[in-house]
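Chemist: Structure file model.csv (CSV, C-alpha atoms) right here:
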```
chain,number,residue,atom,x,y,z
F,178,MET,CA,1.6,-38.2,14.2
F,179,SER,CA,-0.5,-36.7,11.4
F,180,ILE,CA,-1.9,-34.1,13.8
F,181,ALA,CA,1.6,-33.1,14.8
F,182,VAL,CA,2.6,-32.7,11.1
F,183,ILE,CA,-0.5,-30.5,10.5
F,184,ILE,CA,0.3,-28.3,13.5
F,185,ILE,CA,3.9,-27.9,12.5
F,186,ALA,CA,2.9,-27.1,8.9
F,187,TYR,CA,0.4,-24.5,10.1
F,188,VAL,CA,3.0,-22.9,12.4
F,189,ILE,CA,5.5,-22.7,9.6
F,190,PHE,CA,2.9,-21.3,7.2
F,191,ALA,CA,1.5,-18.8,9.7
F,192,PHE,CA,4.8,-17.7,11.1
F,193,PRO,CA,5.1,-13.9,10.5
F,194,VAL,CA,7.6,-12.9,7.8
F,195,LYS,CA,9.7,-9.8,8.7
F,196,ILE,CA,9.7,-7.3,5.9
F,197,ASN,CA,12.3,-4.5,5.8
F,198,LYS,CA,12.7,-3.0,2.3
F,199,GLU,CA,13.5,0.3,0.6
F,200,LEU,CA,12.2,0.5,-2.9
F,201,PRO,CA,12.6,3.1,-5.7
F,202,ALA,CA,9.1,4.2,-6.7
F,203,VAL,CA,7.3,6.5,-9.1
F,204,ARG,CA,4.3,8.7,-8.2
F,205,TYR,CA,2.3,9.4,-11.3
F,206,ARG,CA,-1.1,10.6,-12.5
F,207,LEU,CA,-3.1,8.3,-14.8
F,208,GLY,CA,-4.0,10.0,-18.1
F,209,ASP,CA,-1.1,12.5,-17.8
F,210,GLU,CA,2.1,11.1,-19.4
F,211,LYS,CA,4.1,14.2,-18.2
F,212,PHE,CA,3.3,13.8,-14.5
F,213,ALA,CA,5.9,11.5,-12.9
F,214,GLU,CA,8.0,11.9,-9.7
F,215,ASN,CA,10.7,9.5,-8.5
F,216,ILE,CA,10.3,8.8,-4.7
F,217,THR,CA,11.3,6.2,-2.2
F,218,ILE,CA,9.1,3.8,-0.3
F,219,LYS,CA,10.4,2.1,2.9
F,220,ILE,CA,8.5,-0.9,4.3
F,221,ASP,CA,9.1,-2.2,7.8
F,222,GLY,CA,6.8,-4.7,9.5
F,223,ARG,CA,5.5,-8.2,9.7
F,224,TYR,CA,3.5,-10.1,7.1
F,225,VAL,CA,1.3,-12.7,8.7
F,226,ARG,CA,-0.3,-15.4,6.4
F,227,LYS,CA,-3.6,-16.7,7.6
F,228,LEU,CA,-4.9,-20.1,6.5
F,229,PHE,CA,-8.6,-19.4,6.7
F,230,SER,CA,-8.8,-15.6,6.4
F,231,ASP,CA,-7.1,-12.6,4.9
F,232,ASP,CA,-3.3,-12.1,5.4
F,233,VAL,CA,-2.3,-9.1,7.5
F,234,PHE,CA,0.5,-6.6,7.3
F,235,VAL,CA,1.4,-4.9,10.6
F,236,GLY,CA,4.0,-2.2,10.4
F,237,THR,CA,4.8,1.1,8.6
F,238,ILE,CA,5.1,2.2,5.0
F,239,TYR,CA,7.0,5.4,4.6
F,240,ILE,CA,6.3,7.3,1.4
F,241,GLU,CA,8.7,10.0,0.5
F,242,GLY,CA,6.8,13.3,0.3
F,243,TYR,CA,4.0,12.3,2.7
F,244,GLU,CA,5.3,13.5,6.1
F,245,PHE,CA,2.7,11.8,8.2
F,246,THR,CA,3.8,8.3,7.0
F,247,ASP,CA,7.0,8.8,9.0
F,248,ASP,CA,6.8,8.7,12.9
F,249,SER,CA,9.7,11.1,13.1
F,250,SER,CA,8.0,13.6,10.8
F,251,GLY,CA,8.3,16.4,13.3
F,252,PHE,CA,4.6,17.0,13.6
F,253,ARG,CA,3.9,18.4,17.1
F,254,ASN,CA,1.3,16.5,19.2
F,255,LEU,CA,0.6,14.2,16.3
F,256,LYS,CA,1.0,10.5,16.3
F,257,SER,CA,0.1,9.0,12.9
F,258,THR,CA,0.1,5.4,12.1
F,259,LEU,CA,-0.7,2.9,9.4
F,260,ALA,CA,-3.7,0.7,10.3
F,261,ASN,CA,-3.2,-3.0,9.9
F,262,ILE,CA,-3.7,-3.9,6.2
F,263,ASN,CA,-5.7,-7.1,5.4
F,264,PHE,CA,-4.8,-8.6,2.0
F,265,ASN,CA,-6.9,-11.1,0.1
F,266,ARG,CA,-5.4,-14.0,-1.7
F,267,LYS,CA,-4.8,-11.9,-4.8
F,268,GLY,CA,-2.7,-9.3,-2.9
F,269,HIS,CA,-5.4,-6.6,-2.7
F,270,GLY,CA,-6.1,-4.6,0.4
F,271,MET,CA,-7.2,-1.2,1.7
F,272,TYR,CA,-4.7,1.0,3.6
F,273,LYS,CA,-5.4,3.9,5.9
F,274,TYR,CA,-3.1,6.3,7.8
F,275,VAL,CA,-4.8,7.7,10.9
F,276,LYS,CA,-3.9,10.1,13.6
F,277,ILE,CA,-5.1,10.6,17.1
F,278,SER,CA,-5.2,14.2,18.2
F,279,SER,CA,-6.9,15.4,21.4
F,280,GLY,CA,-8.7,12.0,21.6
F,281,ASP,CA,-10.1,12.3,18.1
F,282,LEU,CA,-9.4,9.8,15.3
F,283,GLN,CA,-8.8,11.4,11.9
F,284,ASP,CA,-8.0,9.9,8.5
F,285,LEU,CA,-4.9,11.4,6.9
F,286,MET,CA,-4.8,9.3,3.8
F,287,GLU,CA,-6.4,6.1,2.5
F,288,GLY,CA,-6.6,4.1,-0.7
F,289,GLU,CA,-6.1,0.7,-2.2
F,290,ILE,CA,-2.9,-1.3,-2.2
F,291,TYR,CA,-2.0,-4.1,-4.5
F,292,MET,CA,1.1,-6.2,-4.1
F,293,LYS,CA,2.7,-9.6,-4.9
F,294,ASP,CA,5.2,-11.8,-3.1
F,295,LYS,CA,5.3,-9.9,0.2
F,296,PHE,CA,5.9,-6.4,-1.3
F,297,SER,CA,8.3,-7.4,-4.1
F,298,VAL,CA,6.1,-5.2,-6.3
F,299,LEU,CA,3.4,-2.9,-5.1
F,300,SER,CA,1.0,-0.1,-6.3
F,301,MET,CA,-1.0,2.2,-4.1
F,302,THR,CA,-3.9,4.4,-5.2
F,303,ILE,CA,-3.8,7.9,-3.6
F,304,MET,CA,-7.3,9.3,-2.8
F,305,GLU,CA,-7.5,13.1,-3.2
F,306,LYS,CA,-9.9,15.6,-1.8
F,307,ASP,CA,-12.2,17.4,-4.3
F,308,SER,CA,-11.1,20.7,-2.8
F,309,PRO,CA,-8.9,21.7,0.2
F,310,ASP,CA,-11.9,22.3,2.5
F,311,SER,CA,-13.8,19.3,1.3
F,312,ALA,CA,-14.4,16.3,3.5
F,313,ILE,CA,-14.9,14.0,0.5
F,314,SER,CA,-12.0,12.3,-1.2
F,315,GLY,CA,-11.9,9.9,-4.1
F,316,TRP,CA,-9.9,8.2,-6.8
F,317,ASN,CA,-10.7,7.3,-10.4
F,318,SER,CA,-9.0,5.4,-13.2
F,319,GLY,CA,-9.1,8.4,-15.5
F,320,ASP,CA,-6.8,10.8,-13.6
F,321,GLY,CA,-6.1,9.2,-10.2
F,322,LEU,CA,-2.7,9.4,-8.5
F,323,VAL,CA,-0.8,6.1,-8.2
F,324,ILE,CA,2.5,5.1,-6.6
F,325,SER,CA,4.2,1.9,-7.9
F,326,ALA,CA,7.5,0.2,-6.9
F,327,PRO,CA,10.1,-0.8,-7.7
F,328,ALA,CA,10.2,1.5,-10.7
F,329,LYS,CA,12.4,4.3,-12.0
F,330,THR,CA,10.2,5.5,-14.9
F,331,ARG,CA,6.5,6.2,-15.3
F,332,GLN,CA,6.2,3.4,-17.9
F,333,GLU,CA,7.7,0.8,-15.5
F,334,ALA,CA,5.4,2.0,-12.7
F,335,LEU,CA,2.3,1.8,-15.0
F,336,ASN,CA,3.3,-1.7,-16.1
F,337,ILE,CA,3.5,-2.8,-12.5
F,338,PHE,CA,0.1,-1.3,-11.7
F,339,ASN,CA,-1.5,-2.9,-14.7
F,340,LEU,CA,0.0,-6.3,-13.9
F,341,LEU,CA,-1.2,-6.1,-10.3
F,342,ILE,CA,-4.8,-5.0,-11.1
F,343,LYS,CA,-5.3,-7.3,-14.1
F,344,ASP,CA,-6.5,-10.3,-12.1
F,345,ILE,CA,-8.3,-8.2,-9.5
F,346,LEU,CA,-10.3,-5.7,-11.5
F,347,ASN,CA,-10.6,-7.5,-14.8
F,348,CYS,CA,-10.3,-4.2,-16.7
F,349,ARG,CA,-8.4,-2.9,-19.7
F,350,PRO,CA,-4.9,-1.6,-19.1
F,351,LEU,CA,-4.9,1.9,-17.6
F,352,LYS,CA,-2.8,4.7,-19.1
```
The structure in this file should be written as structure tokens.

Modeler:
Amino acid sequence: MSIAVIIIAYVIFAFPVKINKELPAVRYRLGDEKFAENITIKIDGRYVRKLFSDDVFVGTIYIEGYEFTDDSSGFRNLKSTLANINFNRKGHGMYKYVKISSGDLQDLMEGEIYMKDKFSVLSMTIMEKDSPDSAISGWNSGDGLVISAPAKTRQEALNIFNLLIKDILNCRPLK
């Protein structure tokens, strides 16, 4: 009987949760109080909790202004996709958009994602290339790009980001 209860509890715990949300978001640059842009984020996929390993999100995250995040973006001969995101228990993961073109795998965008309660709040760091022809991209806490949701102002977005990274990075609040 106890084995049956354990199996039922595990199935209920590990059953994928369908996520279909549209959130108001703000894209902003740390250290620049004047740079803020209101955008929309749409999340569609499944969140799978794992008992003995990282949780996994399988699906799509459409970010307004980033065409390759949308399968219907109109790119010819381009299929871009969001790789599965593994989240640790604190809600931190790495995301990566990739495309396959002529048999080659290319990174389109990658960064870190922080979230709580199955995307009720989230922040994404946006890695940027040093120059248009550079193969190296990066992000830093001084002037990096961030997207946070749900938010309508830069201050709301920054508050969400600082809340999400507080327990993960153990750092002072970012500005």

Chemist: Which is closer to F:Asp294 than all the others in F:Glu210, F:Val194, F:Leu322, F:Tyr243, using all atoms listed in the file?

Modeler: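 Among the listed residues, F:Val194 lies closest to F:Asp294.
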
Chemist: Can you measure atom CA of F:Ile218 to atom CA of F:Glu199 for me? One decimal in Å is fine.

Modeler: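 Atom CA of F:Glu199 lies at a distance of 5.7 Å from atom CA of F:Ile218.
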
Chemist: Which one is closest to F:Thr302: F:Ile262, F:Val323, F:Met178, F:Ile184? Count all atoms listed in the file.

Modeler: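 Answer, going by the shortest atom-to-atom distance: F:Val323.
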
Chemist: To one decimal place, how far is atom CA of F:Thr330 from atom CA of F:Ile216 in Å?

Modeler: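 Going from atom CA of F:Thr330 over to atom CA of F:Ile216, I get 10.7 Å.
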
Chemist: Up to 10 Å from (13.1, -0.8, -7.9) in the file's coordinates: name the residues, counting all atoms listed in the file, as a list in words.

Modeler: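 Output: Glu199, Leu200, Pro201, Ala202, Val203, Thr217, Ile218, Ser297, Val298, Ser325, Ala326, Pro327, Ala328, Lys329, Thr330, Glu333 and Ala334 of chain F.
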
Chemist: So, counting all atoms listed in the file, which residue among F:Arg204, F:Val182, F:Ala260, F:Thr246 is closest to F:Phe338?

Modeler: F:Arg204
